[in-house]
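Source file: run27.txt (compact mmCIF, C-alpha atoms (C1' of nucleotides))
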```txt
# COMPACT_ATOMS: atom_id res chain seq x y z
CA MET A 1 -249.62 -34.22 41.89
CA PRO A 2 -251.90 -33.08 39.08
CA ASN A 3 -253.85 -29.96 39.79
CA PRO A 4 -257.22 -30.97 41.26
CA GLN A 5 -258.96 -28.26 39.25
CA PRO A 6 -257.36 -28.05 35.80
CA GLU A 7 -259.79 -25.30 34.74
CA THR A 8 -258.13 -22.87 37.10
CA ILE A 9 -255.07 -23.19 34.88
CA THR A 10 -256.56 -23.84 31.46
CA GLY A 11 -259.16 -21.08 31.68
CA PRO A 12 -256.76 -18.15 32.21
CA ILE A 13 -254.33 -19.49 29.59
CA LEU A 14 -257.08 -19.91 27.00
CA ASP A 15 -258.21 -16.35 27.72
CA TRP A 16 -254.66 -15.08 27.46
CA TYR A 17 -254.22 -16.81 24.10
CA ALA A 18 -257.42 -15.29 22.74
CA GLU A 19 -255.89 -11.89 23.29
CA HIS A 20 -252.18 -12.39 22.67
CA ALA A 21 -251.80 -15.12 20.02
CA ARG A 22 -249.50 -14.20 17.16
CA ASP A 23 -251.08 -13.97 13.73
CA LEU A 24 -249.19 -16.81 12.07
CA PRO A 25 -250.23 -18.02 8.60
CA TRP A 26 -250.41 -21.70 9.56
CA ARG A 27 -252.96 -20.71 12.20
CA ALA A 28 -255.20 -18.88 9.72
CA PRO A 29 -258.69 -20.30 9.14
CA ASP A 30 -257.77 -21.18 5.56
CA ALA A 31 -254.60 -23.06 6.50
CA THR A 32 -254.63 -26.59 5.11
CA PRO A 33 -253.50 -29.74 6.93
CA TRP A 34 -250.60 -29.86 4.47
CA GLY A 35 -249.62 -26.29 5.27
CA ILE A 36 -249.79 -27.07 8.99
CA LEU A 37 -247.72 -30.23 8.55
CA VAL A 38 -245.06 -28.33 6.58
CA SER A 39 -244.94 -25.63 9.24
CA GLU A 40 -244.48 -28.19 12.01
CA ILE A 41 -241.53 -29.83 10.27
CA MET A 42 -239.92 -26.48 9.51
CA LEU A 43 -240.40 -25.27 13.06
CA GLN A 44 -238.53 -28.20 14.57
CA GLN A 45 -235.56 -26.59 16.32
CA THR A 46 -236.03 -23.50 14.17
CA PRO A 47 -237.33 -20.02 15.11
CA VAL A 48 -240.61 -18.74 13.65
CA VAL A 49 -239.06 -15.68 12.02
CA ARG A 50 -236.72 -17.83 9.96
CA VAL A 51 -239.49 -20.21 8.92
CA LEU A 52 -242.00 -17.62 7.72
CA PRO A 53 -240.50 -16.69 4.31
CA VAL A 54 -239.58 -20.26 3.45
CA TRP A 55 -243.02 -21.55 4.40
CA HIS A 56 -244.70 -18.99 2.12
CA GLU A 57 -242.41 -19.96 -0.73
CA TRP A 58 -243.16 -23.65 -0.24
CA MET A 59 -246.91 -23.12 -0.07
CA LYS A 60 -246.87 -21.12 -3.27
CA ARG A 61 -244.74 -23.67 -5.08
CA TRP A 62 -246.11 -26.86 -3.55
CA PRO A 63 -249.67 -26.21 -2.33
CA THR A 64 -250.39 -29.94 -2.04
CA PRO A 65 -248.46 -33.08 -1.10
CA ALA A 66 -248.84 -34.27 -4.69
CA ALA A 67 -247.13 -31.16 -6.02
CA LEU A 68 -244.08 -31.74 -3.85
CA ALA A 69 -244.04 -35.48 -4.47
CA ALA A 70 -243.89 -34.84 -8.23
CA GLU A 71 -240.56 -33.01 -7.93
CA PRO A 72 -237.07 -34.38 -7.36
CA SER A 73 -236.14 -34.56 -3.68
CA GLY A 74 -233.20 -32.29 -4.45
CA GLU A 75 -235.59 -29.46 -5.18
CA ALA A 76 -236.98 -29.78 -1.67
CA VAL A 77 -233.43 -29.64 -0.31
CA ARG A 78 -232.66 -26.57 -2.41
CA ALA A 79 -235.85 -24.77 -1.40
CA TRP A 80 -235.10 -25.58 2.23
CA GLY A 81 -232.47 -22.86 2.05
CA ARG A 82 -230.66 -22.20 5.29
CA LEU A 83 -233.27 -23.48 7.71
CA GLY A 84 -230.83 -26.09 8.95
CA TYR A 85 -231.14 -29.86 9.44
CA PRO A 86 -231.72 -30.42 5.70
CA ARG A 87 -232.64 -34.06 6.25
CA ARG A 88 -235.98 -32.59 7.27
CA ALA A 89 -236.49 -31.47 3.67
CA LEU A 90 -235.73 -34.95 2.42
CA ARG A 91 -238.10 -36.52 4.92
CA LEU A 92 -240.84 -34.01 4.11
CA HIS A 93 -240.49 -34.95 0.46
CA GLY A 94 -240.72 -38.60 1.51
CA ALA A 95 -243.78 -37.83 3.59
CA ALA A 96 -245.41 -36.17 0.58
CA GLN A 97 -244.77 -39.27 -1.50
CA ALA A 98 -246.16 -41.53 1.21
CA ILE A 99 -249.24 -39.34 1.53
CA VAL A 100 -249.85 -39.66 -2.20
CA GLU A 101 -249.21 -43.40 -2.25
CA ARG A 102 -250.91 -44.45 0.96
CA HIS A 103 -253.52 -41.78 1.59
CA GLY A 104 -254.70 -40.64 -1.84
CA GLY A 105 -252.88 -37.32 -1.54
CA GLU A 106 -254.71 -36.24 1.62
CA VAL A 107 -252.81 -35.68 4.86
CA PRO A 108 -254.04 -38.47 7.19
CA ASP A 109 -255.91 -37.40 10.31
CA SER A 110 -255.00 -40.25 12.65
CA HIS A 111 -252.10 -40.00 15.06
CA GLU A 112 -251.00 -43.50 14.07
CA ASP A 113 -250.90 -42.76 10.33
CA LEU A 114 -249.13 -39.46 10.90
CA LEU A 115 -246.52 -41.11 13.10
CA ALA A 116 -245.76 -43.58 10.32
CA LEU A 117 -244.68 -40.78 7.97
CA PRO A 118 -240.96 -40.01 7.68
CA GLY A 119 -239.77 -37.11 9.83
CA ILE A 120 -242.86 -37.20 12.03
CA GLY A 121 -242.36 -38.23 15.63
CA ALA A 122 -244.52 -38.14 18.73
CA TYR A 123 -244.64 -34.37 18.97
CA THR A 124 -245.39 -33.60 15.31
CA ALA A 125 -248.04 -36.32 15.01
CA ALA A 126 -249.85 -34.91 18.04
CA ALA A 127 -249.43 -31.35 16.79
CA VAL A 128 -250.87 -32.04 13.33
CA ALA A 129 -253.73 -34.15 14.70
CA SER A 130 -254.54 -31.33 17.12
CA PHE A 131 -253.98 -28.21 15.05
CA ALA A 132 -255.14 -29.47 11.66
CA PHE A 133 -257.91 -31.84 12.76
CA ARG A 134 -258.97 -30.44 16.13
CA GLN A 135 -258.32 -33.68 17.97
CA ARG A 136 -257.48 -34.21 21.63
CA HIS A 137 -253.82 -35.12 22.15
CA ALA A 138 -251.15 -34.20 24.66
CA VAL A 139 -248.79 -31.97 22.68
CA LEU A 140 -245.41 -31.94 24.39
CA ASP A 141 -242.92 -29.67 22.74
CA THR A 142 -240.09 -27.79 24.39
CA ASN A 143 -242.37 -24.83 25.19
CA VAL A 144 -245.09 -26.91 26.82
CA ARG A 145 -242.55 -28.96 28.74
CA ARG A 146 -240.96 -25.83 30.15
CA VAL A 147 -244.30 -24.25 31.11
CA LEU A 148 -245.49 -27.39 32.87
CA ALA A 149 -242.14 -27.89 34.59
CA ARG A 150 -242.52 -24.47 36.16
CA LEU A 151 -246.25 -24.33 36.66
CA VAL A 152 -246.70 -27.81 38.09
CA SER A 153 -243.30 -29.15 39.15
CA ALA A 154 -241.62 -26.02 40.51
CA ARG A 155 -238.60 -26.63 38.27
CA GLU A 156 -236.98 -23.98 36.12
CA TYR A 157 -236.43 -26.45 33.27
CA PRO A 158 -237.85 -29.85 32.31
CA PRO A 159 -235.74 -33.05 32.15
CA LYS A 160 -233.50 -33.51 29.10
CA ALA A 161 -235.84 -36.08 27.54
CA PRO A 162 -239.63 -36.28 27.91
CA THR A 163 -240.75 -38.60 30.73
CA ARG A 164 -243.88 -40.59 31.47
CA ALA A 165 -244.59 -38.19 34.31
CA GLU A 166 -244.62 -35.25 31.92
CA VAL A 167 -247.09 -36.99 29.64
CA LYS A 168 -249.31 -37.70 32.64
CA VAL A 169 -249.28 -34.08 33.70
CA ALA A 170 -250.04 -32.90 30.17
CA GLU A 171 -252.92 -35.35 29.85
CA SER A 172 -254.33 -34.36 33.23
CA LEU A 173 -254.64 -30.76 32.06
CA LEU A 174 -256.16 -31.52 28.65
CA PRO A 175 -259.73 -30.19 28.41
CA PRO A 176 -262.29 -32.96 27.68
CA ASP A 177 -263.75 -31.33 24.56
CA PRO A 178 -261.45 -32.05 21.56
CA PRO A 179 -261.57 -28.63 19.86
CA THR A 180 -260.95 -26.95 23.20
CA ALA A 181 -258.10 -29.34 23.91
CA ALA A 182 -256.53 -28.43 20.56
CA ARG A 183 -256.82 -24.72 21.35
CA TRP A 184 -255.41 -25.32 24.81
CA SER A 185 -252.37 -27.07 23.35
CA VAL A 186 -251.50 -24.21 21.03
CA ALA A 187 -252.20 -21.75 23.83
CA VAL A 188 -249.67 -23.33 26.22
CA MET A 189 -247.10 -23.47 23.44
CA GLU A 190 -247.66 -19.79 22.75
CA LEU A 191 -247.36 -18.93 26.43
CA GLY A 192 -244.02 -20.74 26.52
CA ALA A 193 -242.86 -18.98 23.36
CA LEU A 194 -243.86 -15.45 24.41
CA VAL A 195 -243.96 -15.28 28.22
CA CYS A 196 -242.63 -18.39 29.94
CA THR A 197 -239.41 -18.26 27.94
CA ALA A 198 -236.24 -20.20 28.65
CA ARG A 199 -233.94 -17.34 29.48
CA SER A 200 -235.77 -14.36 30.96
CA PRO A 201 -239.40 -15.31 31.59
CA ARG A 202 -241.76 -12.36 31.64
CA CYS A 203 -243.63 -13.52 34.71
CA VAL A 204 -245.21 -10.11 35.13
CA ASP A 205 -247.27 -10.87 32.00
CA CYS A 206 -248.19 -14.43 33.01
CA PRO A 207 -251.91 -15.21 33.36
CA VAL A 208 -251.26 -17.98 35.88
CA LEU A 209 -248.49 -16.41 37.92
CA ASP A 210 -250.40 -16.88 41.16
CA ARG A 211 -250.76 -20.62 40.46
CA CYS A 212 -247.17 -21.23 39.38
CA GLU A 213 -245.41 -23.68 41.69
CA TRP A 214 -241.99 -22.48 40.56
CA GLN A 215 -242.95 -18.92 41.47
CA LEU A 216 -244.46 -20.02 44.78
CA ALA A 217 -241.25 -21.88 45.59
CA GLY A 218 -239.22 -18.72 45.09
CA ARG A 219 -238.05 -19.50 41.54
CA PRO A 220 -235.30 -21.96 42.52
CA ALA A 221 -232.50 -22.18 39.94
CA TYR A 222 -232.09 -25.27 37.78
CA ASP A 223 -229.89 -27.76 39.60
CA GLY A 224 -229.78 -30.73 37.22
CA PRO A 225 -226.98 -31.82 34.87
CA PRO A 226 -225.76 -29.40 32.16
CA ARG A 227 -228.42 -29.17 29.49
CA ARG A 228 -226.22 -28.47 26.47
CA GLY A 229 -222.66 -28.72 25.36
CA GLN A 230 -222.48 -28.78 21.59
CA THR A 231 -220.02 -26.53 19.87
CA TYR A 232 -220.42 -26.05 16.17
CA THR A 233 -217.30 -24.48 14.73
CA GLY A 234 -215.05 -27.11 13.21
CA THR A 235 -217.54 -29.96 13.49
CA ASP A 236 -218.67 -32.37 10.82
CA ARG A 237 -221.99 -30.60 11.01
CA GLN A 238 -220.48 -27.32 9.95
CA CYS A 239 -218.54 -29.08 7.22
CA ARG A 240 -221.68 -30.77 5.90
CA GLY A 241 -223.41 -27.42 5.89
CA ARG A 242 -220.65 -25.85 3.81
CA LEU A 243 -220.66 -28.67 1.28
CA LEU A 244 -224.41 -28.71 0.88
CA ALA A 245 -224.53 -24.93 0.52
CA VAL A 246 -222.32 -25.25 -2.57
CA LEU A 247 -224.77 -27.66 -4.16
CA ARG A 248 -227.83 -25.63 -3.17
CA GLU A 249 -226.46 -22.54 -4.82
CA ALA A 250 -225.23 -24.30 -7.95
CA HIS A 251 -227.96 -25.05 -10.44
CA GLU A 252 -226.03 -27.76 -12.19
CA PRO A 253 -223.70 -30.52 -11.02
CA VAL A 254 -220.39 -29.34 -9.55
CA GLU A 255 -216.85 -30.67 -9.84
CA LYS A 256 -215.21 -32.19 -6.80
CA ALA A 257 -212.84 -29.22 -6.70
CA ALA A 258 -215.74 -26.87 -6.00
CA LEU A 259 -216.42 -28.84 -2.82
CA ASP A 260 -212.77 -29.15 -1.84
CA VAL A 261 -212.28 -25.40 -1.61
CA VAL A 262 -214.87 -24.86 1.13
CA TRP A 263 -213.19 -27.08 3.76
CA SER A 264 -209.46 -27.47 4.21
CA ASP A 265 -209.29 -30.66 6.29
CA ALA A 266 -209.47 -33.36 3.62
CA VAL A 267 -210.13 -36.24 6.00
CA GLN A 268 -213.04 -34.50 7.63
CA ARG A 269 -214.30 -33.24 4.28
CA GLU A 270 -214.42 -36.73 2.79
CA ARG A 271 -216.12 -38.11 5.86
CA ALA A 272 -218.75 -35.38 5.73
CA LEU A 273 -219.33 -35.87 2.02
CA ASP A 274 -219.72 -39.61 2.49
CA GLY A 275 -222.23 -38.88 5.20
CA LEU A 276 -224.23 -36.58 2.97
CA ILE A 277 -224.26 -39.22 0.25
CA ALA A 278 -225.32 -41.92 2.71
CA ASP A 279 -228.13 -39.67 3.91
CA GLY A 280 -229.35 -39.16 0.34
CA LEU A 281 -228.67 -35.43 0.44
CA VAL A 282 -225.96 -35.59 -2.22
CA ASP A 283 -225.89 -37.60 -5.44
CA PRO A 284 -222.45 -38.69 -6.74
CA LEU A 285 -222.79 -38.76 -10.52
CA ASP A 286 -221.08 -41.27 -12.81
CA ASP A 287 -218.94 -38.54 -14.36
CA GLY A 288 -217.36 -37.70 -10.98
CA ARG A 289 -219.42 -34.61 -10.34
CA TYR A 290 -221.88 -34.06 -7.50
CA ALA A 291 -225.46 -32.81 -7.41
CA LEU A 292 -228.51 -32.56 -5.24
CA PRO A 293 -230.52 -35.78 -5.53
CA SER A 294 -233.04 -36.31 -8.29
C1' DG B 1 -230.34 -43.72 26.07
C1' DA B 2 -226.79 -41.10 24.06
C1' DA B 3 -225.23 -38.90 19.99
C1' DA B 4 -225.77 -36.90 15.55
C1' DC B 5 -227.93 -33.61 12.98
C1' DG B 6 -227.65 -26.80 10.74
C1' DT B 7 -228.10 -22.21 11.33
C1' DG B 8 -228.20 -17.73 13.20
C1' DG B 9 -229.56 -14.60 16.93
C1' DT B 10 -228.97 -13.15 21.72
C1' DC B 11 -227.03 -11.80 26.15
C1' DT C 1 -216.93 -13.95 23.16
C1' DG C 2 -218.90 -18.11 23.68
C1' DA C 3 -222.54 -20.64 25.62
C1' DC C 4 -227.27 -21.02 25.18
C1' DC C 5 -231.44 -21.35 22.66
C1' DA C 6 -235.18 -22.19 18.68
C1' DA C 7 -242.73 -26.00 17.57
C1' DG C 8 -237.57 -32.83 17.40
C1' DT C 9 -236.47 -37.15 14.91
C1' DT C 10 -233.65 -40.89 13.95
C1' DT C 11 -230.28 -44.43 14.77
```
Would you write out, as structure tokens, the structure that this file holds?
Amino acid sequence: MPNPQPETITGPILDWYAEHARDLPWRAPDATPWGILVSEIMLQQTPVVRVLPVWHEWMKRWPTPAALAAEPSGEAVRAWGRLGYPRRALRLHGAAQAIVERHGGEVPDSHEDLLALPGIGAYTAAAVASFAFRQRHAVLDTNVRRVLARLVSAREYPPKAPTRAEVKVAESLLPPDPPTAARWSVAVMELGALVCTARSPRCVDCPVLDRCEWQLAGRPAYDGPPRRGQTYTGTDRQCRGRLLAVLREAHEPVEKAALDVVWSDAVQRERALDGLIADGLVDPLDDGRYALPS
DNA sequence: GAAACGTGGTC
DNA sequence: TGACCAAGTTT
């Protein structure tokens, strides 16, 4: 059941955020919608500390969507560095092009238009609409889902995939005033990132400890199905990463042999390379060499 | 709805 | 040491 008095939860968390929020550049008063959008894509499945230097580099080099859209997509992939999931770089470049073509170079402010951009799903559309345009949307990322699972549902962890019920809970807590709702959303995320963490939550520092259903239930351990199970060593993913790293670090097209040396299993190597080409991350040139896409 | 998709730090 | 985790999206 939703809390009958949401303010008893939102109030203390908003107060906590006012005092403990990290000073992140995409939260600065002069942050642009574009800068916020770029940060949201980079932060998908990626820790803040790793994003910071790359974000600054991108903002300096491509301060507007038009600036990025004017460059080859391969430059976005190269500047992505080792953030991981390089298809995000390609999609961000595609989003920049779409913003120029469909929205006159301005990041759109509607959830619907944002959702239509490549690489932007339900979470990121809600996040950009909230954080860049101060709108009222339920923002359900992994941090918020974990906080609400504990606070409201007395579970240590949320379900594997977001459910209708989670959306309902998030909406029931959203303050009516849009700017306040936007601040609330970032505040819950921050609480999840700094206090209500996955592994060792710092409940002693929690502003709503006395209202936490998980705490009141005696912090029962997670009892659902295993939440993970992906090894990395030896996978196609690792192989793709090795291949792409060669192209990122080379500033001109490379011979096939330069790719062959970084992965010994030829069958897997060819499969991974084909995948990269199919994804548009690698361009097979007519002369037999390979390059980042233009 | 499950599976694929990078990378590096932590306990 | 190896499993888990970090502001998800796409197919």
Review point. Which residues of chain A are close to chain B, meaning at most 9 Å apart when you count all atoms listed in the file, and how do they look as a list in words?
Key: Thr46, Arg82, Leu83, Gly84, Tyr85, Pro86, Arg87, Arg237, Gln238, Arg240 and Gly241 of chain A
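Atom CA of A:Ser39 is found 13.5 Å from atom CA of A:Val107.
When atom CA of A:Ala221 is paired with atom CA of A:Tyr157, their separation reads 8.8 Å.
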Could you build a table of the residues in chain A lying no more than 9 Å from chain C, giving for each the nearest pair of atoms and their separation in Å rounded to one decimal place, using only C-alpha atoms (C1' of nucleotides), ordered by chain and ascending residue number, as CSV?
```
residue,atom,partner,partner_atom,distance
A:Ser39,CA,C:DA7,C1',8.6
A:Glu40,CA,C:DA7,C1',6.2
A:Ile41,CA,C:DA7,C1',8.3
A:Met42,CA,C:DA7,C1',8.5
A:Leu43,CA,C:DA7,C1',5.1
A:Gln44,CA,C:DG8,C1',5.5
A:Gln45,CA,C:DA6,C1',5.0
A:Thr46,CA,C:DA6,C1',4.8
A:Pro47,CA,C:DA6,C1',4.7
A:Val48,CA,C:DA6,C1',8.2
A:Arg88,CA,C:DT9,C1',8.9
A:Pro118,CA,C:DT9,C1',9.0
A:Gly119,CA,C:DT9,C1',6.1
A:Ile120,CA,C:DT9,C1',7.0
A:Gly121,CA,C:DT9,C1',6.0
A:Ala122,CA,C:DG8,C1',8.8
A:Tyr123,CA,C:DG8,C1',7.4
A:Thr124,CA,C:DG8,C1',8.1
A:Ala127,CA,C:DA7,C1',8.6
A:Asp141,CA,C:DA7,C1',6.3
A:Thr142,CA,C:DA7,C1',7.5
A:Asn143,CA,C:DA7,C1',7.7
A:Met189,CA,C:DA7,C1',7.7
A:Ala198,CA,C:DC5,C1',7.8
A:Arg199,CA,C:DC5,C1',8.3
A:Arg228,CA,C:DC4,C1',7.6
A:Gly229,CA,C:DA3,C1',8.1
A:Thr231,CA,C:DA3,C1',8.6
```
What separates atom CA of A:Leu247 and atom CA of A:Leu259 is a distance of 8.5 Å
Shortest contact to A:Cys212, candidates A:Glu156, A:Val167, A:Leu244, A:Leu52, atoms counted all atoms listed in the file, goes to A:Glu156
Counting all atoms listed in the file, the residue among A:Thr8, A:Ser294, A:Gln215, A:Thr64 that lies closest to A:Pro253 is A:Ser294
Incomplete stretch 80-91 of chain A brought to all heavy atoms, written out as a PDB file, keeping the file's coordinate frame:
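Result file is rebuild09.pdb:
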```pdb
ATOM      1  N   TRP A  80    -235.213 -25.631   0.770  1.00  0.00           N
ATOM      2  CA  TRP A  80    -235.100 -25.580   2.230  1.00  0.00           C
ATOM      3  C   TRP A  80    -234.243 -24.403   2.662  1.00  0.00           C
ATOM      4  O   TRP A  80    -234.381 -23.861   3.756  1.00  0.00           O
ATOM      5  CB  TRP A  80    -234.500 -26.895   2.739  1.00  0.00           C
ATOM      6  CG  TRP A  80    -234.696 -27.153   4.183  1.00  0.00           C
ATOM      7  CD1 TRP A  80    -233.742 -27.119   5.161  1.00  0.00           C
ATOM      8  CD2 TRP A  80    -235.914 -27.515   4.847  1.00  0.00           C
ATOM      9  NE1 TRP A  80    -234.289 -27.439   6.377  1.00  0.00           N
ATOM     10  CE2 TRP A  80    -235.623 -27.687   6.212  1.00  0.00           C
ATOM     11  CE3 TRP A  80    -237.233 -27.715   4.410  1.00  0.00           C
ATOM     12  CZ2 TRP A  80    -236.592 -28.035   7.148  1.00  0.00           C
ATOM     13  CZ3 TRP A  80    -238.201 -28.062   5.343  1.00  0.00           C
ATOM     14  CH2 TRP A  80    -237.871 -28.222   6.678  1.00  0.00           C
ATOM     15  N   GLY A  81    -233.329 -23.997   1.744  1.00  0.00           N
ATOM     16  CA  GLY A  81    -232.470 -22.860   2.050  1.00  0.00           C
ATOM     17  C   GLY A  81    -231.612 -23.100   3.264  1.00  0.00           C
ATOM     18  O   GLY A  81    -231.051 -24.185   3.437  1.00  0.00           O
ATOM     19  N   ARG A  82    -231.526 -22.116   4.134  1.00  0.00           N
ATOM     20  CA  ARG A  82    -230.660 -22.200   5.290  1.00  0.00           C
ATOM     21  C   ARG A  82    -231.412 -22.458   6.581  1.00  0.00           C
ATOM     22  O   ARG A  82    -231.009 -22.006   7.650  1.00  0.00           O
ATOM     23  CB  ARG A  82    -229.845 -20.897   5.408  1.00  0.00           C
ATOM     24  CG  ARG A  82    -229.086 -20.546   4.132  1.00  0.00           C
ATOM     25  CD  ARG A  82    -228.147 -19.378   4.325  1.00  0.00           C
ATOM     26  NE  ARG A  82    -227.059 -19.691   5.231  1.00  0.00           N
ATOM     27  CZ  ARG A  82    -225.982 -20.391   4.882  1.00  0.00           C
ATOM     28  NH1 ARG A  82    -225.870 -20.855   3.650  1.00  0.00           N
ATOM     29  NH2 ARG A  82    -225.036 -20.641   5.755  1.00  0.00           N
ATOM     30  N   LEU A  83    -232.505 -23.180   6.501  1.00  0.00           N
ATOM     31  CA  LEU A  83    -233.270 -23.480   7.710  1.00  0.00           C
ATOM     32  C   LEU A  83    -232.519 -24.405   8.657  1.00  0.00           C
ATOM     33  O   LEU A  83    -232.798 -24.450   9.843  1.00  0.00           O
ATOM     34  CB  LEU A  83    -234.617 -24.133   7.350  1.00  0.00           C
ATOM     35  CG  LEU A  83    -235.706 -23.210   6.818  1.00  0.00           C
ATOM     36  CD1 LEU A  83    -236.977 -24.004   6.569  1.00  0.00           C
ATOM     37  CD2 LEU A  83    -235.974 -22.069   7.785  1.00  0.00           C
ATOM     38  N   GLY A  84    -231.561 -25.164   8.113  1.00  0.00           N
ATOM     39  CA  GLY A  84    -230.830 -26.090   8.950  1.00  0.00           C
ATOM     40  C   GLY A  84    -231.469 -27.478   8.974  1.00  0.00           C
ATOM     41  O   GLY A  84    -232.625 -27.654   8.592  1.00  0.00           O
ATOM     42  N   TYR A  85    -230.679 -28.467   9.426  1.00  0.00           N
ATOM     43  CA  TYR A  85    -231.140 -29.860   9.440  1.00  0.00           C
ATOM     44  C   TYR A  85    -231.839 -30.230   8.126  1.00  0.00           C
ATOM     45  O   TYR A  85    -233.032 -30.544   8.109  1.00  0.00           O
ATOM     46  CB  TYR A  85    -232.079 -30.105  10.622  1.00  0.00           C
ATOM     47  CG  TYR A  85    -231.430 -30.016  11.970  1.00  0.00           C
ATOM     48  CD1 TYR A  85    -232.102 -29.462  13.051  1.00  0.00           C
ATOM     49  CD2 TYR A  85    -230.143 -30.493  12.173  1.00  0.00           C
ATOM     50  CE1 TYR A  85    -231.505 -29.378  14.306  1.00  0.00           C
ATOM     51  CE2 TYR A  85    -229.541 -30.414  13.427  1.00  0.00           C
ATOM     52  CZ  TYR A  85    -230.219 -29.858  14.478  1.00  0.00           C
ATOM     53  OH  TYR A  85    -229.635 -29.778  15.709  1.00  0.00           O
ATOM     54  N   PRO A  86    -231.106 -30.205   7.013  1.00  0.00           N
ATOM     55  CA  PRO A  86    -231.720 -30.420   5.700  1.00  0.00           C
ATOM     56  C   PRO A  86    -232.316 -31.817   5.500  1.00  0.00           C
ATOM     57  O   PRO A  86    -233.080 -32.030   4.556  1.00  0.00           O
ATOM     58  CB  PRO A  86    -230.573 -30.156   4.720  1.00  0.00           C
ATOM     59  CG  PRO A  86    -229.330 -30.408   5.515  1.00  0.00           C
ATOM     60  CD  PRO A  86    -229.658 -29.958   6.910  1.00  0.00           C
ATOM     61  N   ARG A  87    -231.976 -32.754   6.369  1.00  0.00           N
ATOM     62  CA  ARG A  87    -232.640 -34.060   6.250  1.00  0.00           C
ATOM     63  C   ARG A  87    -234.139 -33.923   6.443  1.00  0.00           C
ATOM     64  O   ARG A  87    -234.909 -34.745   5.971  1.00  0.00           O
ATOM     65  CB  ARG A  87    -232.049 -35.048   7.272  1.00  0.00           C
ATOM     66  CG  ARG A  87    -230.631 -35.473   6.921  1.00  0.00           C
ATOM     67  CD  ARG A  87    -230.133 -36.578   7.811  1.00  0.00           C
ATOM     68  NE  ARG A  87    -230.012 -36.129   9.200  1.00  0.00           N
ATOM     69  CZ  ARG A  87    -229.378 -36.819  10.129  1.00  0.00           C
ATOM     70  NH1 ARG A  87    -228.837 -37.981   9.851  1.00  0.00           N
ATOM     71  NH2 ARG A  87    -229.291 -36.355  11.353  1.00  0.00           N
ATOM     72  N   ARG A  88    -234.543 -32.848   7.128  1.00  0.00           N
ATOM     73  CA  ARG A  88    -235.980 -32.590   7.270  1.00  0.00           C
ATOM     74  C   ARG A  88    -236.635 -32.394   5.916  1.00  0.00           C
ATOM     75  O   ARG A  88    -237.776 -32.805   5.701  1.00  0.00           O
ATOM     76  CB  ARG A  88    -236.220 -31.353   8.147  1.00  0.00           C
ATOM     77  CG  ARG A  88    -235.894 -31.549   9.608  1.00  0.00           C
ATOM     78  CD  ARG A  88    -236.226 -30.304  10.407  1.00  0.00           C
ATOM     79  NE  ARG A  88    -235.385 -29.164  10.070  1.00  0.00           N
ATOM     80  CZ  ARG A  88    -235.611 -27.922  10.458  1.00  0.00           C
ATOM     81  NH1 ARG A  88    -236.669 -27.641  11.193  1.00  0.00           N
ATOM     82  NH2 ARG A  88    -234.778 -26.953  10.139  1.00  0.00           N
ATOM     83  N   ALA A  89    -235.935 -31.721   5.015  1.00  0.00           N
ATOM     84  CA  ALA A  89    -236.490 -31.470   3.670  1.00  0.00           C
ATOM     85  C   ALA A  89    -236.674 -32.786   2.927  1.00  0.00           C
ATOM     86  O   ALA A  89    -237.684 -33.015   2.255  1.00  0.00           O
ATOM     87  CB  ALA A  89    -235.569 -30.541   2.895  1.00  0.00           C
ATOM     88  N   LEU A  90    -235.675 -33.642   3.071  1.00  0.00           N
ATOM     89  CA  LEU A  90    -235.730 -34.950   2.420  1.00  0.00           C
ATOM     90  C   LEU A  90    -236.892 -35.775   2.980  1.00  0.00           C
ATOM     91  O   LEU A  90    -237.644 -36.416   2.239  1.00  0.00           O
ATOM     92  CB  LEU A  90    -234.409 -35.661   2.687  1.00  0.00           C
ATOM     93  CG  LEU A  90    -233.754 -36.479   1.590  1.00  0.00           C
ATOM     94  CD1 LEU A  90    -233.754 -35.747   0.264  1.00  0.00           C
ATOM     95  CD2 LEU A  90    -232.342 -36.859   2.017  1.00  0.00           C
ATOM     96  N   ARG A  91    -237.033 -35.737   4.284  1.00  0.00           N
ATOM     97  CA  ARG A  91    -238.100 -36.520   4.920  1.00  0.00           C
ATOM     98  C   ARG A  91    -239.474 -35.942   4.591  1.00  0.00           C
ATOM     99  O   ARG A  91    -240.451 -36.688   4.440  1.00  0.00           O
ATOM    100  CB  ARG A  91    -237.891 -36.554   6.431  1.00  0.00           C
ATOM    101  CG  ARG A  91    -236.649 -37.341   6.801  1.00  0.00           C
ATOM    102  CD  ARG A  91    -236.472 -37.431   8.305  1.00  0.00           C
ATOM    103  NE  ARG A  91    -235.266 -38.184   8.635  1.00  0.00           N
ATOM    104  CZ  ARG A  91    -234.366 -37.813   9.533  1.00  0.00           C
ATOM    105  NH1 ARG A  91    -234.533 -36.683  10.193  1.00  0.00           N
ATOM    106  NH2 ARG A  91    -233.314 -38.548   9.767  1.00  0.00           N
TER     107      ARG A  91
END
```
